Amino acid sequence: MLVHGRDKCGKSAPHDHGPCWVVYGQYRHYTDMTRWKRLDSGTAAGHAELTVQKQFRLNAGEAAAFAKGDIHAIAYGDDTFFIRVTGGDVEKQKTLRFNLEKQTVEVEDRAQRPR
Ligand SMILES: [Fe+2]
């Protein structure tokens, strides 16, 4: 899906887009973006430690790009509208989803997500 209009506020867990880059373009209101950096070596299966690399607010008229593998999270308020463009169909990819409290990472097959 390329265009996201949200009636209700929401937020995502830290995640990547697998092999896809992504550009978020803000149309209405704002989205708070967090860019995360991974601290562990990635060698312990299922374990991940993240630290905040950058936090910023994407206001209407602004855009933000994340490269392949960049870990990010988004949070938005009610009645927010943004456009997401990905390099390939990310909803058919396996991507990483992180749990900050548990310091875990899992592979999510987005093709299996309920629609
Ligand atoms: Fe994302």
# chains A, B, ... in the order shown; residues from 1 in each chain; ligands from 1

call {"tool": "residues_around", "arguments": {"residues": "Ile83 in chain A", "least_positions_apart": "4", "cutoff": "12 Å", "atoms": "only C-alpha atoms", "output": "CSV table (one decimal) with N, CA, C and O atoms, in the first residue's frame"}}
result
chain,number,residue,atom,x,y,z
A,1,MET,N,0.9,-1.2,0.0
A,1,MET,CA,0.0,0.0,0.0
A,1,MET,C,0.9,1.2,0.0
A,1,MET,O,1.9,1.3,0.7
A,2,LEU,N,0.5,2.2,-0.8
A,2,LEU,CA,1.4,3.3,-0.9
A,2,LEU,C,0.9,4.5,-0.1
A,2,LEU,O,1.7,5.3,0.4
A,3,VAL,N,-0.3,4.7,0.0
A,3,VAL,CA,-0.9,5.9,0.6
A,3,VAL,C,-1.6,5.5,1.9
A,3,VAL,O,-2.4,4.6,1.9
A,4,HIS,N,-1.2,6.2,3.0
A,4,HIS,CA,-1.8,5.8,4.3
A,4,HIS,C,-2.5,7.0,4.9
A,4,HIS,O,-1.9,8.1,5.1
A,5,GLY,N,-3.8,6.9,5.1
A,5,GLY,CA,-4.6,7.9,5.8
A,5,GLY,C,-5.1,7.2,7.1
A,5,GLY,O,-5.6,6.1,7.0
A,6,ARG,N,-4.8,7.8,8.2
A,6,ARG,CA,-5.2,7.2,9.5
A,6,ARG,C,-6.2,8.0,10.2
A,6,ARG,O,-5.9,9.2,10.5
A,22,VAL,N,12.6,3.0,1.8
A,22,VAL,CA,11.3,3.6,2.0
A,22,VAL,C,11.4,5.1,2.1
A,22,VAL,O,12.4,5.6,2.7
A,23,VAL,N,10.5,5.8,1.5
A,23,VAL,CA,10.4,7.3,1.7
A,23,VAL,C,9.0,7.5,2.2
A,23,VAL,O,8.0,7.0,1.7
A,24,TYR,N,9.0,8.3,3.3
A,24,TYR,CA,7.7,8.7,3.9
A,24,TYR,C,7.5,10.2,3.5
A,24,TYR,O,8.4,11.0,3.7
A,25,GLY,N,6.4,10.5,2.9
A,25,GLY,CA,6.1,11.9,2.6
A,25,GLY,C,4.8,12.3,3.4
A,25,GLY,O,3.8,11.7,3.3
A,26,GLN,N,5.0,13.4,4.2
A,26,GLN,CA,3.9,13.8,5.1
A,26,GLN,C,3.0,14.8,4.4
A,26,GLN,O,3.4,15.7,3.8
A,27,TYR,N,1.7,14.5,4.4
A,27,TYR,CA,0.7,15.3,3.7
A,27,TYR,C,-0.1,16.1,4.7
A,27,TYR,O,-0.3,17.3,4.5
A,28,ARG,N,-0.6,15.5,5.8
A,28,ARG,CA,-1.4,16.2,6.8
A,28,ARG,C,-0.9,15.9,8.2
A,28,ARG,O,-0.6,14.7,8.5
A,30,TYR,N,1.5,15.4,11.3
A,30,TYR,CA,2.9,15.1,11.4
A,30,TYR,C,3.0,13.6,11.8
A,30,TYR,O,2.1,13.0,12.4
A,31,THR,N,4.2,13.1,11.6
A,31,THR,CA,4.6,11.8,12.1
A,31,THR,C,5.9,11.9,12.8
A,31,THR,O,6.8,12.6,12.3
A,58,LEU,N,8.3,14.7,11.3
A,58,LEU,CA,8.1,15.0,9.9
A,58,LEU,C,6.8,15.8,9.8
A,58,LEU,O,5.7,15.2,10.1
A,60,ALA,N,4.0,18.3,7.7
A,60,ALA,CA,3.4,18.4,6.4
A,60,ALA,C,4.3,19.1,5.4
A,60,ALA,O,4.8,20.1,5.7
A,61,GLY,N,4.4,18.5,4.2
A,61,GLY,CA,5.3,19.0,3.2
A,61,GLY,C,6.7,18.5,3.3
A,61,GLY,O,7.5,18.8,2.4
A,62,GLU,N,7.0,17.7,4.3
A,62,GLU,CA,8.4,17.2,4.4
A,62,GLU,C,8.4,15.7,4.1
A,62,GLU,O,7.4,15.0,4.1
A,63,ALA,N,9.6,15.2,3.8
A,63,ALA,CA,9.8,13.8,3.4
A,63,ALA,C,11.0,13.2,4.1
A,63,ALA,O,11.9,14.0,4.4
A,64,ALA,N,11.0,11.9,4.4
A,64,ALA,CA,12.2,11.3,5.0
A,64,ALA,C,12.4,10.0,4.3
A,64,ALA,O,11.5,9.3,4.0
A,65,ALA,N,13.7,9.7,4.1
A,65,ALA,CA,14.1,8.4,3.4
A,65,ALA,C,14.8,7.5,4.4
A,65,ALA,O,15.6,8.0,5.2

call {"tool": "select_by_dssp", "arguments": {"residues": "chain A", "states": "helix (DSSP H, G or I)", "output": "PyMOL selection string"}}
result
chain A and resi 90-92+110-112

call {"tool": "residues_around", "arguments": {"residues": "Asn99 in chain A", "least_positions_apart": "2", "cutoff": "10 Å", "atoms": "only C-alpha atoms", "output": "count of residues only"}}
result
14

call {"tool": "closest_residue", "arguments": {"among": "A:Asp32, A:Glu108, A:Asp16, A:Asp89", "to": "Asp70 in chain A", "atoms": "only C-alpha atoms"}}
result
A:Asp16

call {"tool": "closest_residue", "arguments": {"among": "A:Gln93, A:Thr51, A:Thr86, A:Asn59", "to": "ligand 1", "atoms": "only C-alpha atoms and all ligand atoms"}}
result
A:Thr86

call {"tool": "atom_distance", "arguments": {"atom1": "CA of Phe66 in chain A", "atom2": "CA of Arg113 in chain A"}}
result
22.1 Å

call {"tool": "closest_residue", "arguments": {"among": "A:Gln112, A:Thr95, A:Thr43, A:Thr80", "to": "ligand 1", "atoms": "only C-alpha atoms and all ligand atoms"}}
result
A:Thr95

call {"tool": "atom_distance", "arguments": {"atom1": "CA of Val85 in chain A", "atom2": "CA of Val52 in chain A"}}
result
23.6 Å

call {"tool": "residues_around", "arguments": {"residues": "Gln53 in chain A", "least_positions_apart": "2", "cutoff": "9 Å", "atoms": "only C-alpha atoms", "output": "list in words"}}
result
Thr34, Arg35, Trp36, Lys37, Leu50, Thr51 and Gln55 of chain A

call {"tool": "write_last_selection", "arguments": {"atoms": "N, CA, C and O atoms", "output": "CSV table (one decimal), in the first residue's frame"}}
result
chain,number,residue,atom,x,y,z
A,34,THR,N,11.6,7.9,14.6
A,34,THR,CA,12.8,7.5,15.4
A,34,THR,C,13.6,6.6,14.5
A,34,THR,O,13.1,5.6,14.0
A,35,ARG,N,14.9,6.9,14.4
A,35,ARG,CA,15.8,6.1,13.7
A,35,ARG,C,16.7,5.4,14.8
A,35,ARG,O,17.2,6.0,15.7
A,36,TRP,N,16.8,4.1,14.7
A,36,TRP,CA,17.5,3.3,15.7
A,36,TRP,C,18.8,2.7,15.1
A,36,TRP,O,18.9,2.4,13.9
A,37,LYS,N,19.7,2.6,16.0
A,37,LYS,CA,21.0,1.9,15.7
A,37,LYS,C,21.1,0.6,16.5
A,37,LYS,O,20.8,0.6,17.7
A,50,LEU,N,19.0,-2.1,20.8
A,50,LEU,CA,18.9,-0.9,20.0
A,50,LEU,C,19.1,0.4,20.8
A,50,LEU,O,18.8,0.4,22.0
A,51,THR,N,19.6,1.4,20.2
A,51,THR,CA,19.7,2.7,20.8
A,51,THR,C,19.2,3.8,19.8
A,51,THR,O,19.3,3.6,18.6
A,55,GLN,N,15.8,11.3,16.5
A,55,GLN,CA,14.4,11.5,16.6
A,55,GLN,C,14.0,12.8,15.9
A,55,GLN,O,14.7,13.8,16.1

call {"tool": "atom_distance", "arguments": {"atom1": "CA of Asp7 in chain A", "atom2": "CA of His72 in chain A"}}
result
21.8 Å

call {"tool": "closest_residue", "arguments": {"among": "A:Asp78, A:Lys54, A:Val90, A:Leu39", "to": "His17 in chain A", "atoms": "only C-alpha atoms"}}
result
A:Val90
